[in-house]
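Q: Pasting my_file_27.cif below, which is mmCIF, C-alpha atoms and all ligand atoms.
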```cif
data_my_file
#
loop_
_atom_site.label_atom_id
_atom_site.label_comp_id
_atom_site.auth_asym_id
_atom_site.auth_seq_id
_atom_site.Cartn_x
_atom_site.Cartn_y
_atom_site.Cartn_z
CA MET X 1 -28.57 19.82 -50.28
CA LEU X 2 -25.32 21.08 -48.77
CA PRO X 3 -25.59 23.85 -46.15
CA LEU X 4 -25.38 27.33 -47.66
CA ASN X 5 -22.22 28.23 -45.75
CA PHE X 6 -20.44 25.01 -46.79
CA LYS X 7 -16.73 25.33 -47.67
CA ILE X 8 -15.08 23.03 -50.20
CA ALA X 9 -11.29 23.12 -50.67
CA ILE X 10 -9.94 21.95 -54.03
CA ALA X 11 -6.40 20.78 -53.42
CA SER X 12 -3.59 18.72 -54.88
CA GLY X 13 -0.22 17.48 -53.70
CA LYS X 14 1.55 19.28 -56.53
CA GLY X 15 0.88 22.07 -59.00
CA GLY X 16 -0.38 21.46 -62.52
CA THR X 17 -2.79 18.61 -61.73
CA GLY X 18 -5.93 20.59 -62.58
CA LYS X 19 -7.22 21.90 -59.27
CA THR X 20 -7.92 25.35 -60.69
CA LEU X 21 -9.77 23.73 -63.58
CA VAL X 22 -11.98 21.96 -61.04
CA ALA X 23 -12.39 24.99 -58.74
CA THR X 24 -13.35 27.42 -61.51
CA ASN X 25 -15.74 25.06 -63.26
CA LEU X 26 -17.39 24.02 -60.01
CA PHE X 27 -17.83 27.68 -59.07
CA HIS X 28 -19.27 28.48 -62.48
CA SER X 29 -21.72 25.54 -62.38
CA LEU X 30 -22.77 26.37 -58.84
CA SER X 31 -23.42 29.97 -59.79
CA LYS X 32 -25.75 28.88 -62.59
CA THR X 33 -28.01 27.22 -60.02
CA GLY X 34 -28.62 30.57 -58.31
CA ILE X 35 -26.95 29.40 -55.10
CA PRO X 36 -24.83 32.29 -53.75
CA ALA X 37 -21.19 31.25 -54.04
CA THR X 38 -17.73 32.67 -53.62
CA LEU X 39 -14.54 31.43 -55.20
CA ALA X 40 -11.56 32.11 -52.94
CA ASP X 41 -8.25 31.81 -54.76
CA CYS X 42 -5.95 30.87 -51.88
CA ASP X 43 -3.00 30.00 -54.11
CA ALA X 44 -1.53 33.34 -53.05
CA GLU X 45 1.89 32.82 -54.64
CA ALA X 46 0.40 32.39 -58.12
CA PRO X 47 -3.36 33.10 -58.17
CA ASN X 48 -4.94 32.56 -61.59
CA ALA X 49 -8.63 31.71 -61.09
CA LYS X 50 -9.61 35.26 -62.07
CA LEU X 51 -8.35 34.65 -65.61
CA PHE X 52 -11.38 32.46 -66.26
CA PHE X 53 -13.98 35.14 -65.52
CA LYS X 54 -14.75 38.62 -66.67
CA SER X 55 -14.69 40.49 -63.39
CA LYS X 56 -15.11 43.89 -61.82
CA GLU X 57 -12.95 44.93 -58.91
CA GLU X 58 -15.00 45.82 -55.83
CA SER X 59 -12.46 46.30 -53.07
CA THR X 60 -8.83 45.78 -52.20
CA SER X 61 -7.22 45.50 -48.81
CA VAL X 62 -3.53 45.52 -48.07
CA VAL X 63 -2.34 42.73 -45.76
CA THR X 64 0.48 43.69 -43.44
CA GLN X 65 2.50 42.03 -40.74
CA LYS X 66 4.32 43.44 -37.76
CA VAL X 67 8.08 42.97 -37.83
CA PRO X 68 10.52 44.05 -35.12
CA VAL X 69 12.82 47.04 -35.36
CA ILE X 70 15.85 46.94 -33.08
CA ASP X 71 17.24 50.18 -31.66
CA GLU X 72 20.93 49.35 -31.34
CA SER X 73 21.52 52.34 -29.04
CA LYS X 74 19.35 50.57 -26.41
CA CYS X 75 20.43 47.01 -27.19
CA THR X 76 22.75 45.30 -24.69
CA TYR X 77 23.41 42.37 -27.06
CA CYS X 78 22.11 39.89 -24.49
CA GLY X 79 20.84 37.66 -27.33
CA LYS X 80 17.53 36.81 -25.68
CA CYS X 81 15.43 37.91 -28.66
CA HIS X 82 17.52 35.67 -30.91
CA ASP X 83 17.02 32.73 -28.52
CA TRP X 84 13.25 33.27 -28.40
CA CYS X 85 12.79 33.47 -32.16
CA ASN X 86 11.60 30.08 -33.43
CA TYR X 87 11.96 31.18 -37.04
CA HIS X 88 15.66 32.12 -37.02
CA ALA X 89 14.70 35.58 -38.14
CA ILE X 90 17.18 37.42 -35.90
CA PHE X 91 20.83 37.22 -36.84
CA PHE X 92 22.94 37.71 -33.73
CA LEU X 93 26.66 37.67 -32.98
CA PRO X 94 27.78 38.53 -29.41
CA GLN X 95 31.34 39.32 -30.55
CA PRO X 96 31.67 41.43 -32.58
CA GLN X 97 28.28 42.78 -31.61
CA VAL X 98 25.96 42.30 -34.57
CA ILE X 99 22.17 42.06 -34.52
CA LYS X 100 19.87 42.16 -37.53
CA VAL X 101 16.24 41.28 -38.21
CA MET X 102 15.80 39.22 -41.37
CA GLU X 103 12.35 40.51 -42.24
CA GLU X 104 11.69 37.92 -44.93
CA LEU X 105 11.90 35.12 -42.29
CA CYS X 106 9.87 36.91 -39.62
CA HIS X 107 6.40 35.50 -38.86
CA GLY X 108 5.35 38.49 -36.75
CA CYS X 109 4.83 36.36 -33.63
CA GLY X 110 6.03 39.11 -31.26
CA ALA X 111 8.17 36.77 -29.14
CA CYS X 112 11.29 38.91 -29.50
CA LEU X 113 9.37 41.98 -28.34
CA ALA X 114 8.32 40.11 -25.20
CA ALA X 115 11.85 38.79 -24.69
CA CYS X 116 13.60 42.14 -24.67
CA HIS X 117 13.82 43.71 -21.20
CA PHE X 118 15.67 46.76 -22.46
CA LYS X 119 12.91 48.30 -24.59
CA ALA X 120 15.21 48.01 -27.57
CA ILE X 121 12.54 46.51 -29.84
CA THR X 122 9.58 48.26 -31.44
CA GLU X 123 7.50 47.09 -34.42
CA LYS X 124 6.67 48.36 -37.88
CA ASP X 125 4.17 47.22 -40.50
CA VAL X 126 5.49 45.45 -43.58
CA GLU X 127 3.23 44.91 -46.59
CA LEU X 128 2.80 41.23 -47.53
CA GLY X 129 0.32 41.48 -50.37
CA VAL X 130 -3.27 42.31 -51.21
CA VAL X 131 -6.66 40.66 -51.02
CA THR X 132 -8.99 41.78 -53.78
CA THR X 133 -12.70 41.08 -54.08
CA TYR X 134 -14.23 41.00 -57.55
CA THR X 135 -17.72 40.53 -58.87
CA ALA X 136 -17.29 37.76 -61.42
CA SER X 137 -19.18 37.56 -64.69
CA ASN X 138 -21.56 35.09 -63.04
CA HIS X 139 -22.58 37.78 -60.48
CA ASN X 140 -20.93 35.99 -57.60
CA ASN X 141 -17.83 37.02 -55.70
CA LEU X 142 -14.31 36.02 -56.45
CA VAL X 143 -11.70 36.73 -53.78
CA GLU X 144 -8.04 36.68 -54.70
CA ALA X 145 -5.17 36.61 -52.21
CA HIS X 146 -1.96 37.77 -53.89
CA MET X 147 1.38 37.75 -52.12
CA HIS X 148 4.13 40.22 -53.04
CA ALA X 149 7.34 38.77 -54.47
CA GLY X 150 9.98 38.02 -51.85
CA VAL X 151 7.51 37.47 -48.98
CA TYR X 152 8.38 34.31 -47.06
CA SER X 153 4.94 32.91 -46.25
CA PRO X 154 1.54 33.36 -47.89
CA VAL X 155 -0.27 32.20 -44.72
CA PRO X 156 -1.40 35.68 -43.49
CA LEU X 157 -2.77 36.41 -46.99
CA ILE X 158 -4.63 33.12 -47.13
CA LYS X 159 -6.21 33.83 -43.74
CA ALA X 160 -7.23 37.30 -44.90
CA GLY X 161 -8.60 35.93 -48.19
CA ILE X 162 -10.75 33.30 -46.48
CA GLN X 163 -11.99 35.91 -44.03
CA ALA X 164 -12.89 38.23 -46.91
CA ALA X 165 -14.84 35.40 -48.55
CA GLY X 166 -17.09 35.35 -45.48
CA ASP X 167 -19.42 32.71 -44.15
CA HIS X 168 -22.71 33.60 -45.76
CA GLN X 169 -22.53 31.58 -48.97
CA MET X 170 -21.03 28.41 -50.33
CA THR X 171 -17.29 28.88 -50.78
CA ILE X 172 -14.98 27.06 -53.16
CA MET X 173 -11.36 27.45 -52.08
CA ASP X 174 -8.60 26.90 -54.62
CA ALA X 175 -5.89 25.68 -52.23
CA PRO X 176 -2.13 26.14 -52.66
CA PRO X 177 -0.36 22.98 -53.90
CA GLY X 178 1.62 20.74 -51.53
CA THR X 179 1.03 19.80 -47.91
CA SER X 180 2.89 22.56 -46.09
CA CYS X 181 1.54 25.47 -44.00
CA PRO X 182 -0.33 27.30 -46.82
CA PHE X 183 -2.21 24.10 -47.70
CA ILE X 184 -2.97 23.37 -44.04
CA GLN X 185 -4.18 26.92 -43.49
CA THR X 186 -6.65 26.57 -46.37
CA VAL X 187 -8.00 23.07 -45.76
CA ALA X 188 -8.35 23.72 -42.03
CA ARG X 189 -11.32 25.97 -42.87
CA ALA X 190 -12.91 23.46 -45.26
CA ASP X 191 -15.89 21.21 -44.52
CA TYR X 192 -14.80 18.88 -47.32
CA VAL X 193 -11.60 18.53 -49.35
CA VAL X 194 -11.51 17.45 -52.98
CA LEU X 195 -8.07 16.19 -53.99
CA VAL X 196 -7.24 16.44 -57.66
CA THR X 197 -4.65 14.03 -58.96
CA GLU X 198 -3.53 12.31 -62.15
CA PRO X 199 -3.07 8.57 -62.71
CA THR X 200 0.73 8.56 -62.72
CA PRO X 201 3.34 7.43 -60.17
CA PHE X 202 4.06 11.11 -59.31
CA GLY X 203 0.35 11.79 -58.92
CA LEU X 204 -0.04 8.78 -56.62
CA SER X 205 2.95 9.71 -54.49
CA ASP X 206 1.67 13.26 -53.92
CA LEU X 207 -1.87 12.01 -53.37
CA LYS X 208 -0.71 9.67 -50.60
CA GLN X 209 0.97 12.55 -48.75
CA SER X 210 -2.14 14.71 -49.03
CA VAL X 211 -4.38 11.88 -47.84
CA GLU X 212 -2.16 11.18 -44.82
CA THR X 213 -2.18 14.86 -43.83
CA LEU X 214 -5.94 15.23 -44.26
CA ARG X 215 -6.65 12.04 -42.31
CA GLU X 216 -4.56 13.43 -39.46
CA MET X 217 -6.75 16.52 -39.66
CA LYS X 218 -9.87 14.32 -39.76
CA LYS X 219 -11.16 16.03 -42.90
CA PRO X 220 -13.63 14.23 -45.18
CA ILE X 221 -12.04 13.74 -48.59
CA GLY X 222 -12.82 12.59 -52.11
CA VAL X 223 -10.67 12.41 -55.22
CA ILE X 224 -10.98 13.63 -58.80
CA ILE X 225 -8.70 12.01 -61.35
CA ASN X 226 -7.72 14.47 -64.04
CA ARG X 227 -6.19 13.32 -67.34
CA ALA X 228 -7.86 9.94 -66.88
CA GLY X 229 -6.72 7.50 -69.52
CA MET X 230 -3.05 8.36 -69.30
CA GLY X 231 -0.69 6.59 -66.88
CA ASN X 232 -1.68 3.41 -65.09
CA GLN X 233 -4.20 1.88 -62.66
CA GLU X 234 -2.25 2.36 -59.43
CA VAL X 235 -4.17 5.44 -58.29
CA TYR X 236 -7.47 3.59 -58.78
CA GLU X 237 -6.17 0.57 -56.83
CA TYR X 238 -4.98 2.88 -54.06
CA LEU X 239 -8.38 4.59 -53.79
CA THR X 240 -10.17 1.23 -53.64
CA GLY X 241 -7.73 -0.15 -51.06
CA GLU X 242 -8.04 2.95 -48.87
CA ASN X 243 -11.80 3.23 -49.34
CA ILE X 244 -11.51 6.78 -50.68
CA PRO X 245 -14.38 7.89 -52.94
CA LEU X 246 -13.58 8.61 -56.57
CA LEU X 247 -15.84 11.60 -57.23
CA MET X 248 -15.15 12.27 -60.89
CA GLU X 249 -12.80 11.60 -63.79
CA ILE X 250 -11.78 14.23 -66.32
CA PRO X 251 -10.48 12.52 -69.44
CA PHE X 252 -7.08 13.16 -70.96
CA GLU X 253 -8.36 15.04 -74.00
CA ARG X 254 -6.71 17.65 -76.14
CA SER X 255 -9.92 19.74 -76.30
CA ILE X 256 -10.05 20.10 -72.49
CA ALA X 257 -6.38 21.04 -72.24
CA ALA X 258 -6.74 23.52 -75.12
CA SER X 259 -9.81 25.13 -73.60
CA TYR X 260 -8.06 25.48 -70.21
CA ALA X 261 -4.94 26.93 -71.84
CA GLN X 262 -7.12 29.59 -73.52
CA GLY X 263 -8.68 30.56 -70.18
CA LYS X 264 -12.05 29.01 -71.08
CA LEU X 265 -14.37 27.06 -68.80
CA ILE X 266 -15.41 23.63 -70.02
CA THR X 267 -18.74 24.07 -68.23
CA GLU X 268 -19.43 27.14 -70.36
CA ALA X 269 -18.58 25.39 -73.61
CA ASP X 270 -20.50 22.20 -72.86
CA THR X 271 -23.62 21.96 -70.66
CA LEU X 272 -22.92 18.27 -70.10
CA TRP X 273 -19.89 19.31 -68.07
CA LYS X 274 -22.05 21.69 -66.07
CA SER X 275 -24.29 18.77 -65.10
CA ILE X 276 -21.27 16.65 -64.24
CA PHE X 277 -19.89 19.36 -61.95
CA LEU X 278 -23.27 19.83 -60.27
CA GLY X 279 -23.37 16.06 -59.80
CA LEU X 280 -20.07 16.46 -57.97
CA LEU X 281 -21.85 18.53 -55.34
CA ASP X 282 -24.40 15.76 -54.86
CA LYS X 283 -21.62 13.20 -54.40
CA ILE X 284 -19.89 15.45 -51.88
CA HIS X 285 -23.17 15.78 -50.01
CA VAL X 286 -23.61 12.00 -49.86
CA GLN X 287 -20.03 11.53 -48.61
CA TRP X 288 -20.23 14.31 -46.08
CA LYS X 289 -23.58 13.42 -44.46
S1 LIG M 1 8.39 38.63 -34.42
FE1 LIG M 1 8.69 36.43 -34.01
S2 LIG M 1 9.42 35.64 -35.94
FE2 LIG M 1 9.68 37.84 -36.05
S3 LIG M 1 11.77 38.17 -35.40
FE3 LIG M 1 10.47 38.39 -33.58
S4 LIG M 1 10.46 36.36 -32.63
FE4 LIG M 1 11.24 36.12 -34.74
S1 LIG M 2 16.71 41.10 -26.32
FE1 LIG M 2 16.84 43.31 -26.61
S2 LIG M 2 18.74 43.89 -25.66
FE2 LIG M 2 18.84 41.67 -25.94
S3 LIG M 2 19.83 41.42 -27.94
FE3 LIG M 2 17.66 41.47 -28.31
S4 LIG M 2 17.22 43.64 -28.79
FE4 LIG M 2 19.19 43.55 -27.80
#
```
Have the structure of the file written as structure tokens, please.
Ligand code: SF4
Ligand code: SF4

A:
Amino acid sequence: MLPLNFKIAIASGKGGTGKTLVATNLFHSLSKTGIPATLADCDAEAPNAKLFFKSKEESTSVVTQKVPVIDESKCTYCGKCHDWCNYHAIFFLPQPQVIKVMEELCHGCGACLAACHFKAITEKDVELGVVTTYTASNHNNLVEAHMHAGVYSPVPLIKAGIQAAGDHQMTIMDAPPGTSCPFIQTVARADYVVLVTEPTPFGLSDLKQSVETLREMKKPIGVIINRAGMGNQEVYEYLTGENIPLLMEIPFERSIAASYAQGKLITEADTLWKSIFLGLLDKIHVQWK
């Protein structure tokens, strides 16, 4: 039995491979066992896990970030704040004297504030998005991080979403696709990472990148192959060669795709799938021990 505060990230190197299908169905199956669980939708740029559950909103919190405000009447145009900004978020020209904060690039690190010796910089709060907690139809919590359009990085929202999910129950995290900062931020909090891929050359290429990153992070991993039966054998050969456990296969079937497209859970429609997803937890436990 996995510890009650265990965190599983469901991730993939690219979007559209089926990680939300896995995350939502695993959450649903887990809930049916009576084990307290939370589904944290960390794909803050395009969260969609909520679509699969009837849910009731419980609370919403706005996530903000500090960004600098430059008082040009106090600014000497020394350029130090520009030099200290690692994110190129301050546009600066010494002649003619121009200085501007590009808020969409700012990470709120505060370095410019520390750099300025002329008290020309103060800070204001900028809204990045919202984290909403719902009670899902299975009586467990669903936490959704949702970034506003035009915001540069979902990382602060992901952090807030994972924090809102808490540590008192098993948490399934639907990670953002790719291997950049939002992915890292999510999997860093996971005890185990399930990578969802498909048996195609693109799937394999993205899988390799994810595996390399997660090995660097020393995270235990297993793989689910979605749309099994299409493509070729290269993903299977790669998993064998790298000694990576294949946890589950989801066949390339029209009925599964149709059910997903209609916002339906396959574990609700077919109890066999519920058993298969619960078996996934057992396999994760064996791998993780
Ligand atoms: S807070 Fe950090 S990221 Fe934002 S402008 Fe200042 S130095 Fe750059
Ligand atoms: S460090 Fe301060 S004084 Fe220098 S350019 Fe930046 S805001 Fe102006």

Q: Quick one: residues within 6 Å of Tyr192 of chain X, all atoms listed in the file counted, chain neighbours fewer than 4 positions away excluded, as a list of chain:residue names?

A: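 Once the nearby chain positions are removed, what remains is X:Ile8, X:Pro220, X:Ile221.
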
Q: Those same residues - C-alpha atoms - I'd like them written as an mmCIF file, in the frame of the given file.

A:
```cif
data_model
loop_
_atom_site.group_PDB
_atom_site.id
_atom_site.type_symbol
_atom_site.label_atom_id
_atom_site.label_comp_id
_atom_site.auth_asym_id
_atom_site.auth_seq_id
_atom_site.Cartn_x
_atom_site.Cartn_y
_atom_site.Cartn_z
ATOM 1 C CA ILE X 8 -15.080 23.030 -50.200
ATOM 2 C CA PRO X 220 -13.630 14.230 -45.180
ATOM 3 C CA ILE X 221 -12.040 13.740 -48.590
#
```

Q: Name all residues at most 7 Å from Ile70 of chain X (count all atoms listed in the file; drop same-chain ones fewer than 5 positions away) and give them as a ChimeraX atom specification.

A: /X:120-122

Q: Find the spatial neighbours of Ala11 of chain X, counting only C-alpha atoms, within a cut-off of 8 Å - ignore same-chain residues fewer than 4 positions away - and output them as a list in words.

A: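 What passes the distance filter is Lys19, Asp174, Ala175, Pro176, Pro177, Phe183, Val193, Val194, Leu195 and Val196 of chain X.
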
Q: Neighbours of ligand LIG 2 (chain M) at 8 Å or closer, counting only C-alpha atoms and all ligand atoms: which residues, as a list in words?

A: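 Selection of residues at most 8 Å from ligand LIG 2 (chain M): Ile70, Asp71, Glu72, Lys74, Cys75, Thr76, Tyr77, Cys78, Gly79, Lys80, Cys81, His82, Phe92, Ile99, Cys112, Leu113, Ala115, Cys116, His117, Phe118, Lys119, Ala120 and Ile121 of chain X.
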
Q: With C-alpha atoms retained, could you export that selection as a PDB file, keeping the file's coordinate frame?

A:
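Output contents, as saved in again_5.pdb:
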```pdb
ATOM      1  CA  ILE X  70      15.850  46.940 -33.080  1.00  0.00           C
ATOM      2  CA  ASP X  71      17.240  50.180 -31.660  1.00  0.00           C
ATOM      3  CA  GLU X  72      20.930  49.350 -31.340  1.00  0.00           C
ATOM      4  CA  LYS X  74      19.350  50.570 -26.410  1.00  0.00           C
ATOM      5  CA  CYS X  75      20.430  47.010 -27.190  1.00  0.00           C
ATOM      6  CA  THR X  76      22.750  45.300 -24.690  1.00  0.00           C
ATOM      7  CA  TYR X  77      23.410  42.370 -27.060  1.00  0.00           C
ATOM      8  CA  CYS X  78      22.110  39.890 -24.490  1.00  0.00           C
ATOM      9  CA  GLY X  79      20.840  37.660 -27.330  1.00  0.00           C
ATOM     10  CA  LYS X  80      17.530  36.810 -25.680  1.00  0.00           C
ATOM     11  CA  CYS X  81      15.430  37.910 -28.660  1.00  0.00           C
ATOM     12  CA  HIS X  82      17.520  35.670 -30.910  1.00  0.00           C
ATOM     13  CA  PHE X  92      22.940  37.710 -33.730  1.00  0.00           C
ATOM     14  CA  ILE X  99      22.170  42.060 -34.520  1.00  0.00           C
ATOM     15  CA  CYS X 112      11.290  38.910 -29.500  1.00  0.00           C
ATOM     16  CA  LEU X 113       9.370  41.980 -28.340  1.00  0.00           C
ATOM     17  CA  ALA X 115      11.850  38.790 -24.690  1.00  0.00           C
ATOM     18  CA  CYS X 116      13.600  42.140 -24.670  1.00  0.00           C
ATOM     19  CA  HIS X 117      13.820  43.710 -21.200  1.00  0.00           C
ATOM     20  CA  PHE X 118      15.670  46.760 -22.460  1.00  0.00           C
ATOM     21  CA  LYS X 119      12.910  48.300 -24.590  1.00  0.00           C
ATOM     22  CA  ALA X 120      15.210  48.010 -27.570  1.00  0.00           C
ATOM     23  CA  ILE X 121      12.540  46.510 -29.840  1.00  0.00           C
TER      24      ILE X 121
END
```

Q: What is the distance between atom CA of Ser29 of chain X and atom CA of Leu278 of chain X, in Å to one decimal?

A: 6.3 Å

Q: Report the distance between atom CA of Lys283 of chain X and atom CA of His168 of chain X in Å, rounded to one decimal place.

A: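 One can read the atom CA of Lys283 of chain X to atom CA of His168 of chain X distance as 22.2 Å.
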
Q: With distances taken over all atoms listed in the file, which of X:Gln262, X:Ser205, X:Ser255, X:Gln185 is nearest to Leu51 of chain X?

A: X:Gln262

Q: Select, from X:Trp288, X:Phe91, X:Phe202, X:Trp84, the residue with the minimum atom-to-atom distance to ligand LIG 1 (chain M), counting all atoms listed in the file.

A: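 Ranked by minimum distance to ligand LIG 1 (chain M), first place goes to X:Trp84.
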
Q: Go through X:Asn226, X:Thr200, X:Asn48, X:Ser137 one by one, measure the shortest atom-to-atom distance of each to Tyr238 of chain X using all atoms listed in the file, and give the residue with the smallest value.

A: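 Between X:Asn226, X:Thr200, X:Asn48, X:Ser137, the residue approaching Tyr238 of chain X most closely is X:Thr200.
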
Q: Expressed in Å to a single decimal, how great is the separation between atom CA of His107 of chain X and atom CA of Tyr152 of chain X?

A: 8.5 Å

Q: Pro245 of chain X: which residues within 7 Å, counting only C-alpha atoms, same-chain residues fewer than 3 positions away excluded, as a PyMOL selection string?

A: chain X and resi 222-223+239

Q: Taking all atoms of ligand LIG 1 (chain M) that the file lists and extending 4 Å past them on each side, where is the centre of the axis-aligned box and how long are its edges? Answer in Å to one decimal, as JSON.

A:
```
{"center_x": 10.1, "center_y": 37.1, "center_z": -34.3, "size_x": 11.4, "size_y": 11.0, "size_z": 11.4}
```

Q: Any residue with an atom at most 7 Å from ligand LIG 1 (chain M) counts, using only C-alpha atoms and all ligand atoms. Which are they? Put them as a list in words.

A: Val67, Pro68, Cys81, Trp84, Cys85, Asn86, Tyr87, His88, Ala89, Ile90, Val101, Leu105, Cys106, His107, Gly108, Cys109, Gly110, Ala111, Cys112 and Leu113 of chain X

Q: Have a look at X:Ile224, X:Leu247, X:Leu2, X:Val211 and name the one nearest to Asp191 of chain X; count all atoms listed in the file.

A: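 Ranked by minimum distance to Asp191 of chain X, first place goes to X:Leu2.
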
Q: Within 9 Å of (3.8, 45.7, -48.8) in the file's own coordinates, which protein, DNA or RNA residues have an atom, counting all atoms listed in the file? List them as a VMD selection string.

A: chain X and resid 62 to 65 125 to 130 147 to 148

Q: Can I get the selection written as a PDB file, keeping the file's coordinate frame, with C-alpha atoms?

A:
```pdb
ATOM      1  CA  VAL X  62      -3.530  45.520 -48.070  1.00  0.00           C
ATOM      2  CA  VAL X  63      -2.340  42.730 -45.760  1.00  0.00           C
ATOM      3  CA  THR X  64       0.480  43.690 -43.440  1.00  0.00           C
ATOM      4  CA  GLN X  65       2.500  42.030 -40.740  1.00  0.00           C
ATOM      5  CA  ASP X 125       4.170  47.220 -40.500  1.00  0.00           C
ATOM      6  CA  VAL X 126       5.490  45.450 -43.580  1.00  0.00           C
ATOM      7  CA  GLU X 127       3.230  44.910 -46.590  1.00  0.00           C
ATOM      8  CA  LEU X 128       2.800  41.230 -47.530  1.00  0.00           C
ATOM      9  CA  GLY X 129       0.320  41.480 -50.370  1.00  0.00           C
ATOM     10  CA  VAL X 130      -3.270  42.310 -51.210  1.00  0.00           C
ATOM     11  CA  MET X 147       1.380  37.750 -52.120  1.00  0.00           C
ATOM     12  CA  HIS X 148       4.130  40.220 -53.040  1.00  0.00           C
TER      13      HIS X 148
END
```

Q: Just the residues within 12 Å of Ala165 of chain X, please, counting all atoms listed in the file, with nothing from its chain fewer than 5 positions along; format it as an mmCIF file with C-alpha atoms, keeping the file's coordinate frame.

A:
```cif
data_model
loop_
_atom_site.group_PDB
_atom_site.id
_atom_site.type_symbol
_atom_site.label_atom_id
_atom_site.label_comp_id
_atom_site.auth_asym_id
_atom_site.auth_seq_id
_atom_site.Cartn_x
_atom_site.Cartn_y
_atom_site.Cartn_z
ATOM 1 C CA ASN X 5 -22.220 28.230 -45.750
ATOM 2 C CA PHE X 6 -20.440 25.010 -46.790
ATOM 3 C CA LYS X 7 -16.730 25.330 -47.670
ATOM 4 C CA PRO X 36 -24.830 32.290 -53.750
ATOM 5 C CA ALA X 37 -21.190 31.250 -54.040
ATOM 6 C CA THR X 38 -17.730 32.670 -53.620
ATOM 7 C CA LEU X 39 -14.540 31.430 -55.200
ATOM 8 C CA ALA X 40 -11.560 32.110 -52.940
ATOM 9 C CA ASP X 41 -8.250 31.810 -54.760
ATOM 10 C CA CYS X 42 -5.950 30.870 -51.880
ATOM 11 C CA VAL X 131 -6.660 40.660 -51.020
ATOM 12 C CA THR X 132 -8.990 41.780 -53.780
ATOM 13 C CA THR X 133 -12.700 41.080 -54.080
ATOM 14 C CA TYR X 134 -14.230 41.000 -57.550
ATOM 15 C CA THR X 135 -17.720 40.530 -58.870
ATOM 16 C CA ASN X 140 -20.930 35.990 -57.600
ATOM 17 C CA ASN X 141 -17.830 37.020 -55.700
ATOM 18 C CA LEU X 142 -14.310 36.020 -56.450
ATOM 19 C CA VAL X 143 -11.700 36.730 -53.780
ATOM 20 C CA GLU X 144 -8.040 36.680 -54.700
ATOM 21 C CA ALA X 145 -5.170 36.610 -52.210
ATOM 22 C CA ILE X 158 -4.630 33.120 -47.130
ATOM 23 C CA LYS X 159 -6.210 33.830 -43.740
ATOM 24 C CA ALA X 160 -7.230 37.300 -44.900
ATOM 25 C CA MET X 170 -21.030 28.410 -50.330
ATOM 26 C CA THR X 171 -17.290 28.880 -50.780
ATOM 27 C CA ILE X 172 -14.980 27.060 -53.160
ATOM 28 C CA MET X 173 -11.360 27.450 -52.080
ATOM 29 C CA ARG X 189 -11.320 25.970 -42.870
#
```

Q: Measuring between all atoms listed in the file, which one of X:Pro182, X:Gly161, X:Pro94, X:Pro251 shows the shortest distance to Glu198 of chain X?

A: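 So, comparing all the options, the nearest one is X:Pro251.
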
Q: With distances taken over only C-alpha atoms, which of X:Gly34, X:Gly13, X:Gly166, X:Leu207 is nearest to Thr179 of chain X?

A: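 Under the stated criterion, the closest residue is X:Gly13.
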